[in-house]
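Next up, my_file_39.cif (mmCIF, C-alpha atoms):
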```cif
data_my_file
loop_
_atom_site.label_atom_id
_atom_site.label_comp_id
_atom_site.auth_asym_id
_atom_site.auth_seq_id
_atom_site.Cartn_x
_atom_site.Cartn_y
_atom_site.Cartn_z
CA MET X 1 10.16 -24.30 14.32
CA ASP X 2 8.51 -20.98 13.58
CA VAL X 3 4.90 -21.10 12.44
CA LEU X 4 3.56 -18.02 10.65
CA TYR X 5 0.00 -16.97 9.86
CA PHE X 6 -1.16 -14.41 7.34
CA ALA X 7 -4.36 -12.55 6.41
CA TRP X 8 -7.54 -14.04 7.89
CA VAL X 9 -5.65 -17.05 9.26
CA ARG X 10 -3.58 -14.62 11.35
CA GLU X 11 -6.73 -12.82 12.47
CA ARG X 12 -8.55 -16.02 13.39
CA ILE X 13 -5.64 -17.39 15.40
CA GLY X 14 -4.85 -13.98 16.85
CA ILE X 15 -1.07 -13.90 16.41
CA PRO X 16 1.23 -13.47 13.38
CA ARG X 17 3.84 -16.07 14.40
CA GLU X 18 4.89 -18.40 17.18
CA ALA X 19 7.60 -20.91 17.99
CA VAL X 20 6.20 -24.46 18.04
CA GLU X 21 7.86 -27.52 19.54
CA THR X 22 6.65 -30.42 17.46
CA LYS X 23 7.50 -33.90 16.30
CA ALA X 24 5.01 -33.68 13.43
CA SER X 25 6.45 -35.47 10.42
CA THR X 26 4.34 -33.72 7.78
CA VAL X 27 2.51 -30.42 7.40
CA MET X 28 -0.78 -32.29 7.84
CA ASP X 29 0.42 -33.76 11.16
CA LEU X 30 1.29 -30.24 12.31
CA VAL X 31 -2.19 -29.02 11.29
CA ASP X 32 -3.78 -31.83 13.31
CA GLU X 33 -1.65 -30.92 16.33
CA LEU X 34 -2.60 -27.25 16.09
CA ARG X 35 -6.29 -28.12 15.60
CA GLY X 36 -6.22 -30.00 18.89
CA ARG X 37 -4.91 -27.02 20.85
CA GLU X 38 -7.77 -24.56 21.03
CA GLU X 39 -10.99 -23.61 19.30
CA ARG X 40 -9.39 -20.68 17.43
CA TYR X 41 -6.92 -23.09 15.78
CA ALA X 42 -9.66 -25.59 14.99
CA ALA X 43 -11.64 -22.75 13.38
CA ALA X 44 -8.69 -21.50 11.32
CA PHE X 45 -7.83 -25.00 10.09
CA ALA X 46 -11.42 -26.23 9.68
CA ASP X 47 -11.20 -26.37 5.88
CA ILE X 48 -7.67 -26.80 4.60
CA SER X 49 -8.86 -26.63 0.98
CA ALA X 50 -9.22 -22.88 1.72
CA LEU X 51 -5.58 -22.71 2.86
CA ARG X 52 -2.15 -22.71 1.30
CA VAL X 53 1.12 -23.62 2.98
CA ALA X 54 4.75 -22.66 2.53
CA VAL X 55 7.65 -24.56 4.10
CA ASP X 56 10.84 -22.50 4.39
CA GLN X 57 9.21 -19.90 2.13
CA GLN X 58 8.46 -22.33 -0.70
CA LEU X 59 4.85 -22.94 -1.64
CA THR X 60 4.09 -26.62 -1.14
CA ASP X 61 1.47 -29.26 -0.27
CA PHE X 62 0.03 -30.47 3.02
CA ASP X 63 1.70 -33.89 2.69
CA THR X 64 5.18 -32.31 2.62
CA PRO X 65 7.61 -33.77 5.20
CA LEU X 66 8.79 -31.35 7.89
CA ALA X 67 12.20 -32.91 8.52
CA GLY X 68 14.69 -30.05 8.80
CA ALA X 69 12.07 -27.35 8.23
CA ARG X 70 12.66 -24.07 10.07
CA GLU X 71 9.60 -22.09 9.05
CA VAL X 72 6.05 -23.11 8.13
CA ALA X 73 3.49 -20.53 7.02
CA PHE X 74 -0.28 -20.89 6.60
CA PHE X 75 -2.38 -18.45 4.61
CA PRO X 76 -5.37 -18.13 2.27
CA PRO X 77 -4.93 -18.24 -1.54
CA MET X 78 -2.84 -15.26 -2.59
CA THR X 79 -4.30 -12.12 -4.14
CA GLY X 80 -1.41 -10.11 -5.55
CA GLY X 81 -1.21 -7.96 -8.66
CA MET Y 1 16.27 -8.00 -13.45
CA ARG Y 2 15.02 -5.89 -10.56
CA ILE Y 3 12.48 -6.78 -7.86
CA VAL Y 4 11.17 -4.10 -5.53
CA VAL Y 5 8.73 -4.60 -2.64
CA GLN Y 6 7.95 -1.40 -0.78
CA ASP Y 7 5.22 0.43 1.12
CA ILE Y 8 5.90 3.86 -0.35
CA PRO Y 9 4.59 5.02 -3.76
CA PHE Y 10 6.74 4.59 -6.87
CA ASP Y 11 7.13 6.98 -9.80
CA PHE Y 12 5.72 5.05 -12.75
CA GLY Y 13 6.93 7.56 -15.36
CA ALA Y 14 10.48 7.66 -14.01
CA GLU Y 15 10.63 3.88 -13.60
CA ALA Y 16 9.31 3.25 -17.13
CA ALA Y 17 11.68 5.82 -18.66
CA ALA Y 18 14.71 4.46 -16.80
CA PHE Y 19 13.79 0.91 -17.78
CA ALA Y 20 13.38 1.78 -21.49
CA GLU Y 21 16.55 3.91 -21.65
CA GLY Y 22 19.25 2.56 -23.95
CA ARG Y 23 17.45 -0.61 -25.00
CA ALA Y 24 18.94 -0.57 -28.51
CA GLU Y 25 19.33 -4.35 -28.47
CA SER Y 26 15.85 -5.11 -27.26
CA GLY Y 27 13.68 -2.98 -29.47
CA ALA Y 28 10.53 -3.73 -27.45
CA VAL Y 29 9.56 -2.60 -23.96
CA VAL Y 30 6.17 -3.35 -22.43
CA THR Y 31 4.95 -1.91 -19.13
CA PHE Y 32 1.83 -2.66 -17.12
CA THR Y 33 0.64 -0.96 -13.97
CA GLY Y 34 -2.21 -1.96 -11.64
CA ILE Y 35 -4.25 0.72 -9.87
CA VAL Y 36 -6.59 0.52 -6.86
CA ARG Y 37 -10.01 0.55 -8.50
CA ASP Y 38 -13.20 1.65 -6.82
CA VAL Y 39 -15.55 -1.05 -8.07
CA ASP Y 40 -18.91 0.23 -6.87
CA GLY Y 41 -18.24 3.60 -5.30
CA GLY Y 42 -17.83 2.18 -1.81
CA LEU Y 43 -14.10 1.50 -1.59
CA LYS Y 44 -12.15 3.78 0.75
CA ALA Y 45 -8.77 2.10 0.60
CA MET Y 46 -6.91 -1.15 0.05
CA GLU Y 47 -4.57 -2.81 2.53
CA ILE Y 48 -2.00 -5.26 1.25
CA GLU Y 49 -0.30 -7.73 3.56
CA HIS Y 50 2.70 -9.75 2.42
CA TYR Y 51 5.21 -12.33 3.60
CA PRO Y 52 8.57 -10.52 3.91
CA GLY Y 53 11.34 -12.73 2.57
CA MET Y 54 9.14 -15.14 0.67
CA THR Y 55 7.64 -12.29 -1.36
CA GLU Y 56 11.01 -11.23 -2.77
CA GLY Y 57 11.99 -14.86 -3.37
CA ALA Y 58 8.74 -15.72 -5.16
CA LEU Y 59 8.88 -12.59 -7.35
CA SER Y 60 12.51 -13.30 -8.28
CA GLU Y 61 11.65 -16.86 -9.21
CA ILE Y 62 8.68 -15.78 -11.36
CA ALA Y 63 10.69 -13.02 -13.07
CA GLY Y 64 13.59 -15.42 -13.61
CA GLN Y 65 11.26 -17.86 -15.37
CA ALA Y 66 9.99 -15.06 -17.63
CA MET Y 67 13.56 -13.96 -18.39
CA SER Y 68 14.63 -17.38 -19.63
CA ARG Y 69 11.39 -18.41 -21.31
CA TRP Y 70 11.11 -15.28 -23.49
CA SER Y 71 14.86 -14.52 -23.66
CA LEU Y 72 14.25 -11.12 -22.08
CA GLU Y 73 17.03 -8.60 -21.88
CA ASP Y 74 15.57 -7.34 -18.61
CA ALA Y 75 12.51 -7.43 -16.35
CA LEU Y 76 11.25 -5.19 -13.57
CA VAL Y 77 8.63 -5.92 -10.89
CA ILE Y 78 7.58 -3.32 -8.32
CA HIS Y 79 4.84 -4.26 -5.83
CA ARG Y 80 3.59 -2.19 -2.93
CA HIS Y 81 2.20 -3.30 0.40
CA GLY Y 82 0.50 -1.47 3.26
CA ARG Y 83 -2.39 0.95 2.88
CA LEU Y 84 -3.21 2.34 -0.58
CA GLU Y 85 -5.92 4.86 -1.43
CA VAL Y 86 -8.26 4.57 -4.43
CA GLY Y 87 -6.42 5.58 -7.60
CA GLU Y 88 -2.97 4.76 -6.26
CA MET Y 89 -0.69 2.43 -8.19
CA ILE Y 90 -0.32 -1.00 -6.58
CA MET Y 91 2.33 -2.51 -8.79
CA MET Y 92 4.06 -2.41 -12.15
CA VAL Y 93 5.95 -4.78 -14.38
CA ALA Y 94 8.21 -3.99 -17.31
CA THR Y 95 9.78 -6.35 -19.82
CA ALA Y 96 12.39 -5.75 -22.51
CA ALA Y 97 12.73 -8.17 -25.43
CA ARG Y 98 13.84 -8.26 -29.04
CA HIS Y 99 10.28 -8.66 -30.29
CA ARG Y 100 7.07 -7.10 -29.00
CA LYS Y 101 5.21 -10.42 -28.88
CA HIS Y 102 7.74 -11.73 -26.38
CA ALA Y 103 7.65 -8.53 -24.32
CA PHE Y 104 3.82 -8.62 -24.17
CA GLU Y 105 3.62 -12.33 -23.39
CA ALA Y 106 6.26 -12.14 -20.69
CA ALA Y 107 4.44 -9.20 -19.07
CA GLU Y 108 1.17 -11.16 -19.06
CA PHE Y 109 2.91 -14.20 -17.63
CA LEU Y 110 4.38 -12.05 -14.85
CA MET Y 111 0.94 -10.60 -14.07
CA ASP Y 112 -0.80 -13.97 -14.09
CA TYR Y 113 1.77 -15.51 -11.79
CA LEU Y 114 2.17 -12.70 -9.32
CA LYS Y 115 -1.61 -12.59 -8.87
CA SER Y 116 -1.79 -16.07 -7.39
CA ARG Y 117 1.79 -17.22 -6.69
CA ALA Y 118 3.31 -14.23 -4.89
CA PRO Y 119 2.40 -14.01 -1.18
CA PHE Y 120 0.26 -10.87 -1.11
CA TRP Y 121 -3.21 -10.59 0.41
CA LYS Y 122 -5.53 -7.70 -0.32
CA ARG Y 123 -8.11 -6.34 2.07
CA GLU Y 124 -10.73 -3.84 0.93
CA ILE Y 125 -11.71 -1.09 3.34
CA THR Y 126 -15.24 0.23 2.82
CA LYS Y 127 -17.56 2.30 5.00
CA ASP Y 128 -19.00 -0.98 6.28
CA GLY Y 129 -15.65 -2.32 7.44
CA ALA Y 130 -12.77 -4.38 6.07
CA GLU Y 131 -12.95 -7.57 4.04
CA TRP Y 132 -10.26 -9.88 2.65
CA VAL Y 133 -10.41 -10.17 -1.13
CA ALA Y 134 -11.14 -13.77 -2.15
CA ALA Y 135 -8.95 -15.37 -4.80
CA ARG Y 136 -10.85 -15.91 -8.04
CA ASP Y 137 -10.98 -19.19 -9.92
CA GLU Y 138 -10.23 -17.29 -13.14
CA ASP Y 139 -6.89 -16.19 -11.70
CA GLU Y 140 -5.93 -19.80 -10.98
CA ASP Y 141 -7.22 -20.91 -14.39
CA ALA Y 142 -5.14 -18.20 -16.07
CA LEU Y 143 -1.97 -20.10 -15.10
CA THR Y 144 -2.92 -23.15 -17.14
CA ARG Y 145 -2.31 -21.36 -20.43
CA TRP Y 146 1.39 -21.05 -19.60
#
```
Any chance you could give the structure as structure tokens?
Amino acid sequence: MDVLYFAWVRERIGIPREAVETKASTVMDLVDELRGREERYAAAFADISALRVAVDQQLTDFDTPLAGAREVAFFPPMTGG
Amino acid sequence: MRIVVQDIPFDFGAEAAAFAEGRAESGAVVTFTGIVRDVDGGLKAMEIEHYPGMTEGALSEIAGQAMSRWSLEDALVIHRHGRLEVGEMIMMVATAARHRKHAFEAAEFLMDYLKSRAPFWKREITKDGAEWVAARDEDEDALTRW
């Protein structure tokens, strides 16, 4: 699946998107997998209360199942308007 | 209903006039526009990042909710992204309804929701560097009244 990062999450990880091969069953499992990769991921995902997640472009929660998901995006709380 | 996400400036006067034109059935049109404000004299510019695809979807969903909840005849949302200088217009909303209370309320609803439910992230550029704007608790709290 494609994993996207925005704003300071993108800056901390250093890339805007990447293709990830995963068997993670929920968003939280995916976060744990990413955390285990490298320090920059661990830093970006250190405090998930500071993050929001969208699965297939729908805002959702970290316990959301990933079955069938094509795109997961992580970003800080939004500041539009 | 019209949703526009673009990096170039928009013509507020022309957009407002075109939106209000021929609204004999509505009787009430409300517009709001947000402008890059220099809070303490140090802001050079604002950069707005967004999530192409999700942005349009989220704005359509929010505007659709406003349309049905206040029985609007029409709604318009224009939101820019990219680099904006101080004084430039960031976004505008317009609502057309039979009664002004509905037009005002729907416009406020749109503003409240697109502040914290549409995937935009603002970064302020000052002489000291660039900093992401933190979401405010008040903006999240504002949603509870709807």
Worksheet item: Which residues fall under the PyMOL selection byres ((chain X) within 12 of (chain Y)) in this file, as a ChimeraX atom specification?
Response: /X:4-11,16-17,50-60,71-81
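Closest approach to Ala19 (chain X) from the set X:Ala46, X:Asp61, X:Arg35, X:Arg70 is made by X:Arg70, with distances taken over all atoms listed in the file.
Counting from CA of Ser26 (chain Y), the distance to CA of His102 (chain Y) is 10.5 Å.
Running the PyMOL selection byres ((chain Y and resi 8) around 10) on this file leaves Val5, Gln6, Asp7, Pro9, Phe10, His79, Arg80, His81, Gly82, Arg83 and Leu84 of chain Y selected.
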Item to complete: Would you kindly identify which residues have an atom no farther than 7 Å from (15.8, -6.8, -13.0), using all atoms listed in the file and the file's own coordinates, and write them out as a VMD selection string?
Response: chain Y and resid 1 to 3 74 to 76
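One distance worth recording is that between CA of Met89 (chain Y) and CA of Glu138 (chain Y), which is 22.5 Å.
One finds CA of Arg37 (chain Y) at 15.6 Å from CA of Ala130 (chain Y).
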Worksheet item: So what does the PyMOL selection byres ((chain Y and resi 27) around 10) actually pick up in this one, as a PyMOL selection string?
Response: chain Y and resi 20+22-26+28-29+96-100+103
Give me a file of those residues, with C-alpha atoms, as a tab-separated table (two decimals), in the frame of the given file.
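Contents of the output file out_32.tsv:
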```tsv
chain	number	residue	atom	x	y	z
Y	20	ALA	CA	13.38	1.78	-21.49
Y	22	GLY	CA	19.25	2.56	-23.95
Y	23	ARG	CA	17.45	-0.61	-25.00
Y	24	ALA	CA	18.94	-0.57	-28.51
Y	25	GLU	CA	19.33	-4.35	-28.47
Y	26	SER	CA	15.85	-5.11	-27.26
Y	28	ALA	CA	10.53	-3.73	-27.45
Y	29	VAL	CA	9.56	-2.60	-23.96
Y	96	ALA	CA	12.39	-5.75	-22.51
Y	97	ALA	CA	12.73	-8.17	-25.43
Y	98	ARG	CA	13.84	-8.26	-29.04
Y	99	HIS	CA	10.28	-8.66	-30.29
Y	100	ARG	CA	7.07	-7.10	-29.00
Y	103	ALA	CA	7.65	-8.53	-24.32
```
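Close to (4.3, -35.3, 16.3), meaning no more than 12 Å away when counting all atoms listed in the file, sit the residues X:Val20, X:Glu21, X:Thr22, X:Lys23, X:Ala24, X:Ser25, X:Thr26, X:Val27, X:Met28, X:Asp29, X:Leu30, X:Val31, X:Asp32, X:Glu33, X:Leu34, X:Pro65, X:Leu66, X:Ala67.
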Block slice region 35-128 of chain Y, C-alpha atoms, emitted as a PDB file, in the first residue's frame:
```
ATOM      1  CA  ILE Y  35      -6.765  36.753   4.693  1.00  0.00           C
ATOM      2  CA  VAL Y  36      -3.128  36.099   5.651  1.00  0.00           C
ATOM      3  CA  ARG Y  37      -2.738  38.220   8.776  1.00  0.00           C
ATOM      4  CA  ASP Y  38       0.537  39.542  10.085  1.00  0.00           C
ATOM      5  CA  VAL Y  39       0.063  38.890  13.790  1.00  0.00           C
ATOM      6  CA  ASP Y  40       3.073  40.657  15.281  1.00  0.00           C
ATOM      7  CA  GLY Y  41       4.825  42.348  12.387  1.00  0.00           C
ATOM      8  CA  GLY Y  42       7.168  39.432  11.767  1.00  0.00           C
ATOM      9  CA  LEU Y  43       5.295  37.344   9.220  1.00  0.00           C
ATOM     10  CA  LYS Y  44       6.773  37.309   5.714  1.00  0.00           C
ATOM     11  CA  ALA Y  45       4.524  34.727   4.104  1.00  0.00           C
ATOM     12  CA  MET Y  46       2.358  31.676   4.658  1.00  0.00           C
ATOM     13  CA  GLU Y  47       2.827  28.298   3.018  1.00  0.00           C
ATOM     14  CA  ILE Y  48      -0.125  25.949   2.811  1.00  0.00           C
ATOM     15  CA  GLU Y  49       0.342  22.248   2.159  1.00  0.00           C
ATOM     16  CA  HIS Y  50      -2.609  20.013   1.340  1.00  0.00           C
ATOM     17  CA  TYR Y  51      -3.517  16.432   0.478  1.00  0.00           C
ATOM     18  CA  PRO Y  52      -4.555  16.421  -3.203  1.00  0.00           C
ATOM     19  CA  GLY Y  53      -7.593  14.219  -3.681  1.00  0.00           C
ATOM     20  CA  MET Y  54      -8.606  14.036  -0.044  1.00  0.00           C
ATOM     21  CA  THR Y  55      -8.853  17.835   0.149  1.00  0.00           C
ATOM     22  CA  GLU Y  56     -11.482  18.023  -2.586  1.00  0.00           C
ATOM     23  CA  GLY Y  57     -13.340  15.040  -1.120  1.00  0.00           C
ATOM     24  CA  ALA Y  58     -13.372  16.449   2.413  1.00  0.00           C
ATOM     25  CA  LEU Y  59     -14.515  19.900   1.252  1.00  0.00           C
ATOM     26  CA  SER Y  60     -17.300  18.362  -0.856  1.00  0.00           C
ATOM     27  CA  GLU Y  61     -18.466  16.298   2.088  1.00  0.00           C
ATOM     28  CA  ILE Y  62     -18.476  19.310   4.435  1.00  0.00           C
ATOM     29  CA  ALA Y  63     -20.265  21.526   1.893  1.00  0.00           C
ATOM     30  CA  GLY Y  64     -22.757  18.737   1.180  1.00  0.00           C
ATOM     31  CA  GLN Y  65     -23.603  18.525   4.882  1.00  0.00           C
ATOM     32  CA  ALA Y  66     -24.161  22.294   5.000  1.00  0.00           C
ATOM     33  CA  MET Y  67     -26.352  22.138   1.880  1.00  0.00           C
ATOM     34  CA  SER Y  68     -28.730  19.579   3.356  1.00  0.00           C
ATOM     35  CA  ARG Y  69     -28.717  20.801   6.948  1.00  0.00           C
ATOM     36  CA  TRP Y  70     -29.635  24.413   6.094  1.00  0.00           C
ATOM     37  CA  SER Y  71     -31.512  23.644   2.848  1.00  0.00           C
ATOM     38  CA  LEU Y  72     -29.095  25.843   0.924  1.00  0.00           C
ATOM     39  CA  GLU Y  73     -29.752  26.679  -2.680  1.00  0.00           C
ATOM     40  CA  ASP Y  74     -26.000  26.727  -3.286  1.00  0.00           C
ATOM     41  CA  ALA Y  75     -22.593  26.789  -1.594  1.00  0.00           C
ATOM     42  CA  LEU Y  76     -19.118  27.763  -2.750  1.00  0.00           C
ATOM     43  CA  VAL Y  77     -15.740  26.955  -1.179  1.00  0.00           C
ATOM     44  CA  ILE Y  78     -12.465  28.237  -2.626  1.00  0.00           C
ATOM     45  CA  HIS Y  79      -9.235  27.386  -0.777  1.00  0.00           C
ATOM     46  CA  ARG Y  80      -5.708  28.166  -1.888  1.00  0.00           C
ATOM     47  CA  HIS Y  81      -2.501  26.274  -1.246  1.00  0.00           C
ATOM     48  CA  GLY Y  82       1.160  27.051  -1.855  1.00  0.00           C
ATOM     49  CA  ARG Y  83       2.888  30.282  -0.873  1.00  0.00           C
ATOM     50  CA  LEU Y  84       0.772  33.312   0.072  1.00  0.00           C
ATOM     51  CA  GLU Y  85       2.040  36.761   1.010  1.00  0.00           C
ATOM     52  CA  VAL Y  86       0.687  38.835   3.910  1.00  0.00           C
ATOM     53  CA  GLY Y  87      -2.632  40.407   2.925  1.00  0.00           C
ATOM     54  CA  GLU Y  88      -3.479  37.787   0.314  1.00  0.00           C
ATOM     55  CA  MET Y  89      -6.787  35.949   0.469  1.00  0.00           C
ATOM     56  CA  ILE Y  90      -6.449  32.334   1.595  1.00  0.00           C
ATOM     57  CA  MET Y  91      -9.984  31.129   1.095  1.00  0.00           C
ATOM     58  CA  MET Y  92     -13.626  32.103   0.770  1.00  0.00           C
ATOM     59  CA  VAL Y  93     -16.993  30.523   1.347  1.00  0.00           C
ATOM     60  CA  ALA Y  94     -20.386  31.638   0.088  1.00  0.00           C
ATOM     61  CA  THR Y  95     -23.817  30.329   0.985  1.00  0.00           C
ATOM     62  CA  ALA Y  96     -27.235  31.037  -0.512  1.00  0.00           C
ATOM     63  CA  ALA Y  97     -30.385  30.342   1.498  1.00  0.00           C
ATOM     64  CA  ARG Y  98     -33.965  31.527   1.827  1.00  0.00           C
ATOM     65  CA  HIS Y  99     -33.278  33.168   5.179  1.00  0.00           C
ATOM     66  CA  ARG Y 100     -30.211  35.057   6.363  1.00  0.00           C
ATOM     67  CA  LYS Y 101     -29.946  33.075   9.611  1.00  0.00           C
ATOM     68  CA  HIS Y 102     -29.472  29.888   7.612  1.00  0.00           C
ATOM     69  CA  ALA Y 103     -26.967  31.516   5.252  1.00  0.00           C
ATOM     70  CA  PHE Y 104     -24.911  32.856   8.197  1.00  0.00           C
ATOM     71  CA  GLU Y 105     -25.039  29.622  10.178  1.00  0.00           C
ATOM     72  CA  ALA Y 106     -24.112  27.494   7.191  1.00  0.00           C
ATOM     73  CA  ALA Y 107     -21.144  29.778   6.437  1.00  0.00           C
ATOM     74  CA  GLU Y 108     -19.937  29.490  10.042  1.00  0.00           C
ATOM     75  CA  PHE Y 109     -20.359  25.728   9.952  1.00  0.00           C
ATOM     76  CA  LEU Y 110     -18.292  25.573   6.753  1.00  0.00           C
ATOM     77  CA  MET Y 111     -15.559  27.696   8.337  1.00  0.00           C
ATOM     78  CA  ASP Y 112     -15.477  25.699  11.561  1.00  0.00           C
ATOM     79  CA  TYR Y 113     -15.251  22.402   9.729  1.00  0.00           C
ATOM     80  CA  LEU Y 114     -12.744  23.333   7.084  1.00  0.00           C
ATOM     81  CA  LYS Y 115     -10.423  24.684   9.784  1.00  0.00           C
ATOM     82  CA  SER Y 116      -9.927  21.293  11.392  1.00  0.00           C
ATOM     83  CA  ARG Y 117     -11.445  18.659   9.069  1.00  0.00           C
ATOM     84  CA  ALA Y 118     -10.020  19.611   5.672  1.00  0.00           C
ATOM     85  CA  PRO Y 119      -6.439  18.410   5.080  1.00  0.00           C
ATOM     86  CA  PHE Y 120      -4.551  21.709   4.948  1.00  0.00           C
ATOM     87  CA  TRP Y 121      -1.457  22.569   6.986  1.00  0.00           C
ATOM     88  CA  LYS Y 122      -0.202  26.108   7.375  1.00  0.00           C
ATOM     89  CA  ARG Y 123       3.411  27.078   7.846  1.00  0.00           C
ATOM     90  CA  GLU Y 124       4.398  30.613   8.818  1.00  0.00           C
ATOM     91  CA  ILE Y 125       7.537  32.061   7.280  1.00  0.00           C
ATOM     92  CA  THR Y 126       9.217  34.719   9.425  1.00  0.00           C
ATOM     93  CA  LYS Y 127      12.700  36.253   9.359  1.00  0.00           C
ATOM     94  CA  ASP Y 128      13.714  33.599  11.896  1.00  0.00           C
TER      95      ASP Y 128
END
```
